[in-house]
file final-v6.cif (mmCIF, C-alpha atoms)
data_model
#
loop_
_atom_site.label_atom_id
_atom_site.label_comp_id
_atom_site.auth_asym_id
_atom_site.auth_seq_id
_atom_site.Cartn_x
_atom_site.Cartn_y
_atom_site.Cartn_z
CA MET W 627 -39.30 -164.81 38.49
CA THR W 628 -36.84 -162.57 36.67
CA ASP W 629 -34.09 -164.16 38.74
CA GLN W 630 -34.55 -167.59 37.15
CA PRO W 631 -33.13 -166.93 33.63
CA ASP W 632 -30.05 -165.27 35.13
CA ARG W 633 -29.37 -168.28 37.37
CA GLU W 634 -29.75 -170.68 34.46
CA SER W 635 -27.49 -168.53 32.31
CA ALA W 636 -24.87 -168.46 35.07
CA LYS W 637 -25.05 -172.27 35.40
CA GLY W 638 -24.57 -172.60 31.65
CA ASP W 639 -21.62 -170.19 31.72
CA ARG W 640 -20.03 -172.18 34.58
CA ALA W 641 -20.52 -175.43 32.71
CA ASN W 642 -18.98 -173.96 29.55
CA TYR W 643 -16.09 -172.49 31.52
CA ARG W 644 -15.40 -175.82 33.25
CA TYR W 645 -15.62 -177.68 29.95
CA LEU W 646 -13.15 -175.22 28.40
CA LEU W 647 -10.80 -175.55 31.35
CA GLY W 648 -11.01 -179.35 31.15
CA ILE W 649 -10.15 -179.39 27.45
CA LEU W 650 -7.23 -176.98 27.93
CA LEU W 651 -5.97 -178.98 30.91
CA ALA W 652 -6.01 -182.15 28.78
CA VAL W 653 -4.05 -180.42 26.00
CA TYR W 654 -1.49 -179.02 28.45
CA THR W 655 -1.17 -182.42 30.12
CA MET W 656 -0.43 -184.03 26.76
CA SER W 657 2.31 -181.50 26.08
CA PHE W 658 4.11 -182.70 29.20
CA VAL W 659 3.44 -186.35 28.39
CA ASP W 660 5.12 -185.72 25.05
CA ARG W 661 8.18 -184.07 26.66
CA GLN W 662 8.64 -186.75 29.28
CA ILE W 663 8.32 -189.65 26.88
CA PHE W 664 11.03 -188.11 24.71
CA ASN W 665 13.26 -187.56 27.72
CA ILE W 666 12.83 -191.03 29.19
CA LEU W 667 13.50 -192.62 25.79
CA ALA W 668 16.45 -190.30 25.08
CA GLU W 669 19.14 -192.92 25.64
CA LEU W 670 17.36 -195.42 23.41
CA ILE W 671 16.96 -192.71 20.76
CA ARG W 672 20.65 -191.83 21.06
CA LYS W 673 21.67 -195.46 20.54
CA GLY W 674 19.12 -196.07 17.79
CA LEU W 675 20.22 -193.09 15.71
CA GLY W 676 23.89 -193.24 16.69
CA LEU W 677 23.81 -189.75 18.19
CA LYS W 678 26.52 -188.10 20.25
CA ASP W 679 25.76 -186.80 23.74
CA TRP W 680 25.82 -183.16 22.61
CA GLN W 681 23.30 -183.98 19.86
CA LEU W 682 20.98 -185.55 22.39
CA GLY W 683 21.35 -182.46 24.57
CA VAL W 684 20.37 -180.24 21.65
CA LEU W 685 17.34 -182.42 20.90
CA SER W 686 16.07 -182.66 24.45
CA GLY W 687 16.68 -179.05 25.38
CA LEU W 688 17.89 -176.47 22.92
CA ALA W 689 15.94 -177.43 19.79
CA PHE W 690 12.71 -177.58 21.76
CA ALA W 691 13.09 -174.81 24.34
CA VAL W 692 14.59 -172.07 22.16
CA PHE W 693 11.88 -172.34 19.54
CA TYR W 694 9.16 -172.82 22.17
CA THR W 695 10.29 -169.50 23.63
CA LEU W 696 11.04 -167.57 20.43
CA ALA W 697 7.81 -168.59 18.76
CA GLY W 698 5.98 -167.33 21.83
CA ILE W 699 6.38 -163.67 20.91
CA PRO W 700 4.64 -163.72 17.50
CA LEU W 701 2.17 -166.37 18.66
CA ALA W 702 1.17 -164.26 21.67
CA ARG W 703 0.57 -161.29 19.38
CA LEU W 704 -1.49 -163.54 17.11
CA ALA W 705 -3.53 -164.69 20.12
CA GLU W 706 -4.35 -161.04 20.84
CA ARG W 707 -5.70 -160.45 17.35
CA LYS W 708 -7.19 -163.72 16.13
CA SER W 709 -9.38 -166.53 17.36
CA ARG W 710 -7.61 -168.21 20.27
CA PRO W 711 -9.52 -171.50 19.90
CA ALA W 712 -8.47 -171.58 16.24
CA LEU W 713 -4.87 -170.81 17.22
CA ILE W 714 -4.91 -173.60 19.81
CA ALA W 715 -6.33 -176.02 17.24
CA ALA W 716 -3.70 -175.02 14.67
CA ALA W 717 -0.88 -175.23 17.23
CA LEU W 718 -2.11 -178.65 18.39
CA THR W 719 -2.19 -179.82 14.77
CA VAL W 720 1.37 -178.55 14.17
CA TRP W 721 2.62 -180.10 17.39
CA SER W 722 0.94 -183.47 16.62
CA PHE W 723 2.27 -183.51 13.07
CA PHE W 724 5.82 -182.84 14.21
CA THR W 725 5.53 -185.39 17.02
CA ALA W 726 4.70 -187.98 14.36
CA LEU W 727 7.71 -186.80 12.34
CA CYS W 728 9.89 -187.38 15.42
CA GLY W 729 8.93 -191.05 15.22
CA ALA W 730 9.88 -191.19 11.53
CA ALA W 731 13.20 -189.32 11.87
CA GLN W 732 16.24 -191.20 10.61
CA ASN W 733 19.01 -188.83 11.71
CA PHE W 734 19.92 -185.91 13.93
CA VAL W 735 18.88 -183.15 11.51
CA GLN W 736 15.46 -184.66 10.85
CA LEU W 737 14.83 -185.18 14.55
CA ALA W 738 16.05 -181.66 15.41
CA LEU W 739 13.70 -180.11 12.85
CA ALA W 740 10.82 -182.21 14.16
CA ARG W 741 11.58 -181.21 17.77
CA ILE W 742 11.63 -177.55 16.71
CA GLY W 743 8.16 -178.00 15.21
CA VAL W 744 6.93 -179.67 18.41
CA GLY W 745 8.26 -176.74 20.45
CA ILE W 746 6.55 -174.17 18.26
CA GLY W 747 3.24 -176.05 18.39
CA GLU W 748 3.31 -176.54 22.14
CA GLY W 749 4.21 -172.90 22.71
CA GLY W 750 1.22 -171.73 20.71
CA CYS W 751 -1.15 -173.87 22.75
CA VAL W 752 0.04 -172.60 26.12
CA LEU W 753 -0.01 -168.91 25.27
CA ALA W 754 -3.45 -168.92 23.75
CA SER W 755 -4.75 -171.10 26.61
CA HIS W 756 -3.69 -168.60 29.27
CA SER W 757 -5.41 -165.81 27.38
CA LEU W 758 -8.57 -167.82 26.83
CA ILE W 759 -8.76 -168.84 30.50
CA ALA W 760 -8.28 -165.23 31.60
CA ASP W 761 -11.26 -164.18 29.47
CA ALA W 762 -13.51 -167.14 30.28
CA ALA W 763 -12.93 -167.38 34.03
CA PRO W 764 -14.87 -165.09 36.34
CA ALA W 765 -12.56 -162.53 37.93
CA THR W 766 -12.87 -164.21 41.31
CA LYS W 767 -11.85 -167.59 39.86
CA ARG W 768 -8.98 -166.64 37.52
CA ALA W 769 -6.16 -167.58 39.85
CA SER W 770 -7.78 -170.94 40.59
CA ALA W 771 -8.42 -171.53 36.89
CA ILE W 772 -4.79 -170.84 35.95
CA GLY W 773 -3.70 -173.02 38.87
CA ALA W 774 -5.91 -175.87 37.69
CA PHE W 775 -4.55 -175.46 34.16
CA GLN W 776 -0.98 -175.56 35.48
CA LEU W 777 -1.69 -178.94 37.09
CA GLY W 778 -1.24 -180.28 33.56
CA SER W 779 2.52 -180.06 33.99
CA ALA W 780 2.55 -182.35 37.04
CA ILE W 781 -0.08 -184.73 35.69
CA GLY W 782 1.61 -184.90 32.29
CA THR W 783 5.04 -185.47 33.83
CA PHE W 784 3.68 -188.34 35.91
CA ILE W 785 1.87 -189.96 32.98
CA GLY W 786 4.79 -189.38 30.60
CA MET W 787 7.29 -190.98 32.95
CA ALA W 788 5.02 -193.97 33.53
CA VAL W 789 4.15 -194.45 29.86
CA GLY W 790 7.72 -193.79 28.72
CA GLY W 791 9.02 -196.34 31.20
CA LEU W 792 6.51 -198.92 29.99
CA VAL W 793 7.36 -198.25 26.34
CA ALA W 794 11.07 -198.58 27.10
CA ALA W 795 10.50 -201.82 29.03
CA VAL W 796 8.23 -203.40 26.43
CA TYR W 797 9.89 -202.25 23.19
CA GLY W 798 13.46 -201.60 24.31
#

call {"tool": "encode", "arguments": {"input": "final-v6.cif", "output": "structure tokens"}}
result
Amino acid sequence: MTDQPDRESAKGDRANYRYLLGILLAVYTMSFVDRQIFNILAELIRKGLGLKDWQLGVLSGLAFAVFYTLAGIPLARLAERKSRPALIAAALTVWSFFTALCGAAQNFVQLALARIGVGIGEGGCVLASHSLIADAAPATKRASAIGAFQLGSAIGTFIGMAVGGLVAAVYG
């Protein structure tokens, strides 16, 4: 009979771990949806704001990627010391706020600053997610858990391309 509580506890831990992995996968998927929608609408954005090609290149690559990467160092250290779920929630809030600002941008500088904010927010989510998965997943399942999490990039790219294409077709 002493076996029963341990089995139920293990089932509860598995359910919590799967729930956590599902939530983190959804967040990671949305980060790629966001990137792909911007990229597929890039030409329409360029025309709408009267941007030059180099400006569009900065917005789609440099402004996002450099700050995504540079913010990673202090955010990773923060994830080691503070609540990772709280960091993910804060990063998701920052990223969502700046994504909304991207839609309100009226010129290159405004859009570049908004894209920088998106990059910082997305970077914080990914770093803390990896750490959280590593702690939550049983040792024998860690590689599979990280692999499942990484599926978000493919799923998000697919959805982002499809949604971005529909948005471009419907709204021009």

call {"tool": "residues_around", "arguments": {"input": "final-v6.cif", "residues": "region 680-684 of chain W", "least_positions_apart": "5", "cutoff": "12 Å", "atoms": "only C-alpha atoms", "output": "VMD selection string"}}
result
chain W and resid 664 to 675 689 to 693 733 to 739 741 to 742

call {"tool": "resolve_selection", "arguments": {"input": "final-v6.cif", "expression": "the PyMOL selection byres ((chain W and resi 764-774) around 12)", "output": "PDB file with C-alpha atoms, in the frame of the given file"}}
result
ATOM      1  CA  ALA W 636     -24.870-168.460  35.070  1.00  0.00           C
ATOM      2  CA  ASP W 639     -21.620-170.190  31.720  1.00  0.00           C
ATOM      3  CA  ARG W 640     -20.030-172.180  34.580  1.00  0.00           C
ATOM      4  CA  ASN W 642     -18.980-173.960  29.550  1.00  0.00           C
ATOM      5  CA  TYR W 643     -16.090-172.490  31.520  1.00  0.00           C
ATOM      6  CA  ARG W 644     -15.400-175.820  33.250  1.00  0.00           C
ATOM      7  CA  TYR W 645     -15.620-177.680  29.950  1.00  0.00           C
ATOM      8  CA  LEU W 646     -13.150-175.220  28.400  1.00  0.00           C
ATOM      9  CA  LEU W 647     -10.800-175.550  31.350  1.00  0.00           C
ATOM     10  CA  GLY W 648     -11.010-179.350  31.150  1.00  0.00           C
ATOM     11  CA  ILE W 649     -10.150-179.390  27.450  1.00  0.00           C
ATOM     12  CA  LEU W 650      -7.230-176.980  27.930  1.00  0.00           C
ATOM     13  CA  LEU W 651      -5.970-178.980  30.910  1.00  0.00           C
ATOM     14  CA  ALA W 652      -6.010-182.150  28.780  1.00  0.00           C
ATOM     15  CA  TYR W 654      -1.490-179.020  28.450  1.00  0.00           C
ATOM     16  CA  THR W 655      -1.170-182.420  30.120  1.00  0.00           C
ATOM     17  CA  VAL W 752       0.040-172.600  26.120  1.00  0.00           C
ATOM     18  CA  LEU W 753      -0.010-168.910  25.270  1.00  0.00           C
ATOM     19  CA  SER W 755      -4.750-171.100  26.610  1.00  0.00           C
ATOM     20  CA  HIS W 756      -3.690-168.600  29.270  1.00  0.00           C
ATOM     21  CA  SER W 757      -5.410-165.810  27.380  1.00  0.00           C
ATOM     22  CA  LEU W 758      -8.570-167.820  26.830  1.00  0.00           C
ATOM     23  CA  ILE W 759      -8.760-168.840  30.500  1.00  0.00           C
ATOM     24  CA  ALA W 760      -8.280-165.230  31.600  1.00  0.00           C
ATOM     25  CA  ASP W 761     -11.260-164.180  29.470  1.00  0.00           C
ATOM     26  CA  ALA W 762     -13.510-167.140  30.280  1.00  0.00           C
ATOM     27  CA  ALA W 763     -12.930-167.380  34.030  1.00  0.00           C
ATOM     28  CA  PHE W 775      -4.550-175.460  34.160  1.00  0.00           C
ATOM     29  CA  GLN W 776      -0.980-175.560  35.480  1.00  0.00           C
ATOM     30  CA  LEU W 777      -1.690-178.940  37.090  1.00  0.00           C
ATOM     31  CA  GLY W 778      -1.240-180.280  33.560  1.00  0.00           C
ATOM     32  CA  SER W 779       2.520-180.060  33.990  1.00  0.00           C
ATOM     33  CA  ALA W 780       2.550-182.350  37.040  1.00  0.00           C
ATOM     34  CA  ILE W 781      -0.080-184.730  35.690  1.00  0.00           C
TER      35      ILE W 781
END

call {"tool": "residues_around", "arguments": {"input": "final-v6.cif", "residues": "Val720 (chain W)", "least_positions_apart": "2", "cutoff": "9 Å", "atoms": "only C-alpha atoms", "output": "PyMOL selection string"}}
result
chain W and resi 715-718+722-725+743-744+746-748

call {"tool": "residues_near_point", "arguments": {"input": "final-v6.cif", "point": "(4.7, -186.4, 26.6)", "cutoff": "9 Å", "atoms": "only C-alpha atoms", "output": "PyMOL selection string"}}
result
chain W and resi 655-665+782-783+785-787+789-790

call {"tool": "atom_distance", "arguments": {"input": "final-v6.cif", "atom1": "CA of Gly798 (chain W)", "atom2": "CA of Leu727 (chain W)"}}
result
19.9 Å

call {"tool": "atom_distance", "arguments": {"input": "final-v6.cif", "atom1": "CA of Gly687 (chain W)", "atom2": "CA of Leu704 (chain W)"}}
result
25.3 Å

call {"tool": "closest_residue", "arguments": {"input": "final-v6.cif", "among": "W:Thr695, W:Ala788, W:Cys751, W:Ala641", "to": "Ala712 (chain W)", "atoms": "all atoms listed in the file"}}
result
W:Cys751

call {"tool": "resolve_selection", "arguments": {"input": "final-v6.cif", "expression": "the PyMOL selection byres ((chain W and resi 698) around 8)", "output": "short mmCIF file (atom, residue, chain, number, x, y, z; two decimals) with C-alpha atoms, in the frame of the given file"}}
result
data_model
loop_
_atom_site.label_atom_id
_atom_site.label_comp_id
_atom_site.auth_asym_id
_atom_site.auth_seq_id
_atom_site.Cartn_x
_atom_site.Cartn_y
_atom_site.Cartn_z
CA TYR W 694 9.16 -172.82 22.17
CA THR W 695 10.29 -169.50 23.63
CA LEU W 696 11.04 -167.57 20.43
CA ALA W 697 7.81 -168.59 18.76
CA ILE W 699 6.38 -163.67 20.91
CA PRO W 700 4.64 -163.72 17.50
CA LEU W 701 2.17 -166.37 18.66
CA ALA W 702 1.17 -164.26 21.67
CA ILE W 746 6.55 -174.17 18.26
CA GLY W 749 4.21 -172.90 22.71
CA GLY W 750 1.22 -171.73 20.71
CA LEU W 753 -0.01 -168.91 25.27
#

call {"tool": "atom_distance", "arguments": {"input": "final-v6.cif", "atom1": "CA of Ile714 (chain W)", "atom2": "CA of Ala754 (chain W)"}}
result
6.3 Å

call {"tool": "build_atoms", "arguments": {"input": "final-v6.cif", "residues": "region 716-739 of chain W", "atoms": "N, CA and C atoms", "output": "mmCIF file, in the coordinates of the input"}}
result
data_model
loop_
_atom_site.group_PDB
_atom_site.id
_atom_site.type_symbol
_atom_site.label_atom_id
_atom_site.label_comp_id
_atom_site.auth_asym_id
_atom_site.auth_seq_id
_atom_site.Cartn_x
_atom_site.Cartn_y
_atom_site.Cartn_z
ATOM 1 N N ALA W 716 -4.794 -175.006 15.652
ATOM 2 C CA ALA W 716 -3.700 -175.020 14.670
ATOM 3 C C ALA W 716 -2.381 -175.437 15.341
ATOM 4 N N ALA W 717 -2.123 -174.889 16.524
ATOM 5 C CA ALA W 717 -0.880 -175.230 17.230
ATOM 6 C C ALA W 717 -0.872 -176.713 17.607
ATOM 7 N N LEU W 718 -2.006 -177.227 18.042
ATOM 8 C CA LEU W 718 -2.110 -178.650 18.390
ATOM 9 C C LEU W 718 -1.888 -179.525 17.157
ATOM 10 N N THR W 719 -2.398 -179.087 16.027
ATOM 11 C CA THR W 719 -2.190 -179.820 14.770
ATOM 12 C C THR W 719 -0.711 -179.827 14.389
ATOM 13 N N VAL W 720 -0.072 -178.658 14.485
ATOM 14 C CA VAL W 720 1.370 -178.550 14.170
ATOM 15 C C VAL W 720 2.169 -179.438 15.109
ATOM 16 N N TRP W 721 1.892 -179.328 16.385
ATOM 17 C CA TRP W 721 2.620 -180.100 17.390
ATOM 18 C C TRP W 721 2.427 -181.603 17.151
ATOM 19 N N SER W 722 1.207 -182.041 16.872
ATOM 20 C CA SER W 722 0.940 -183.470 16.620
ATOM 21 C C SER W 722 1.647 -183.958 15.369
ATOM 22 N N PHE W 723 1.607 -183.156 14.315
ATOM 23 C CA PHE W 723 2.270 -183.510 13.070
ATOM 24 C C PHE W 723 3.774 -183.702 13.285
ATOM 25 N N PHE W 724 4.387 -182.752 13.985
ATOM 26 C CA PHE W 724 5.820 -182.840 14.210
ATOM 27 C C PHE W 724 6.192 -183.934 15.208
ATOM 28 N N THR W 725 5.292 -184.253 16.119
ATOM 29 C CA THR W 725 5.530 -185.390 17.020
ATOM 30 C C THR W 725 5.582 -186.679 16.201
ATOM 31 N N ALA W 726 4.681 -186.807 15.241
ATOM 32 C CA ALA W 726 4.700 -187.980 14.360
ATOM 33 C C ALA W 726 5.990 -188.021 13.545
ATOM 34 N N LEU W 727 6.445 -186.849 13.089
ATOM 35 C CA LEU W 727 7.710 -186.800 12.340
ATOM 36 C C LEU W 727 8.896 -187.215 13.213
ATOM 37 N N CYS W 728 8.821 -186.932 14.510
ATOM 38 C CA CYS W 728 9.890 -187.380 15.420
ATOM 39 C C CYS W 728 10.036 -188.899 15.352
ATOM 40 N N GLY W 729 8.904 -189.585 15.294
ATOM 41 C CA GLY W 729 8.930 -191.050 15.220
ATOM 42 C C GLY W 729 9.473 -191.567 13.904
ATOM 43 N N ALA W 730 9.407 -190.767 12.851
ATOM 44 C CA ALA W 730 9.880 -191.190 11.530
ATOM 45 C C ALA W 730 11.304 -190.708 11.237
ATOM 46 N N ALA W 731 11.862 -189.892 12.110
ATOM 47 C CA ALA W 731 13.200 -189.320 11.870
ATOM 48 C C ALA W 731 14.249 -190.409 11.772
ATOM 49 N N GLN W 732 15.175 -190.222 10.837
ATOM 50 C CA GLN W 732 16.240 -191.200 10.610
ATOM 51 C C GLN W 732 17.618 -190.687 11.000
ATOM 52 N N ASN W 733 17.704 -189.393 11.345
ATOM 53 C CA ASN W 733 19.010 -188.830 11.710
ATOM 54 C C ASN W 733 18.818 -187.598 12.592
ATOM 55 N N PHE W 734 19.941 -187.051 13.024
ATOM 56 C CA PHE W 734 19.920 -185.910 13.930
ATOM 57 C C PHE W 734 19.193 -184.703 13.345
ATOM 58 N N VAL W 735 19.480 -184.340 12.115
ATOM 59 C CA VAL W 735 18.880 -183.150 11.510
ATOM 60 C C VAL W 735 17.364 -183.301 11.414
ATOM 61 N N GLN W 736 16.904 -184.437 10.959
ATOM 62 C CA GLN W 736 15.460 -184.660 10.850
ATOM 63 C C GLN W 736 14.789 -184.584 12.222
ATOM 64 N N LEU W 737 15.412 -185.196 13.219
ATOM 65 C CA LEU W 737 14.830 -185.180 14.550
ATOM 66 C C LEU W 737 14.879 -183.779 15.157
ATOM 67 N N ALA W 738 15.954 -183.034 14.906
ATOM 68 C CA ALA W 738 16.050 -181.660 15.410
ATOM 69 C C ALA W 738 14.965 -180.784 14.800
ATOM 70 N N LEU W 739 14.743 -180.901 13.505
ATOM 71 C CA LEU W 739 13.700 -180.110 12.850
ATOM 72 C C LEU W 739 12.313 -180.482 13.380
#
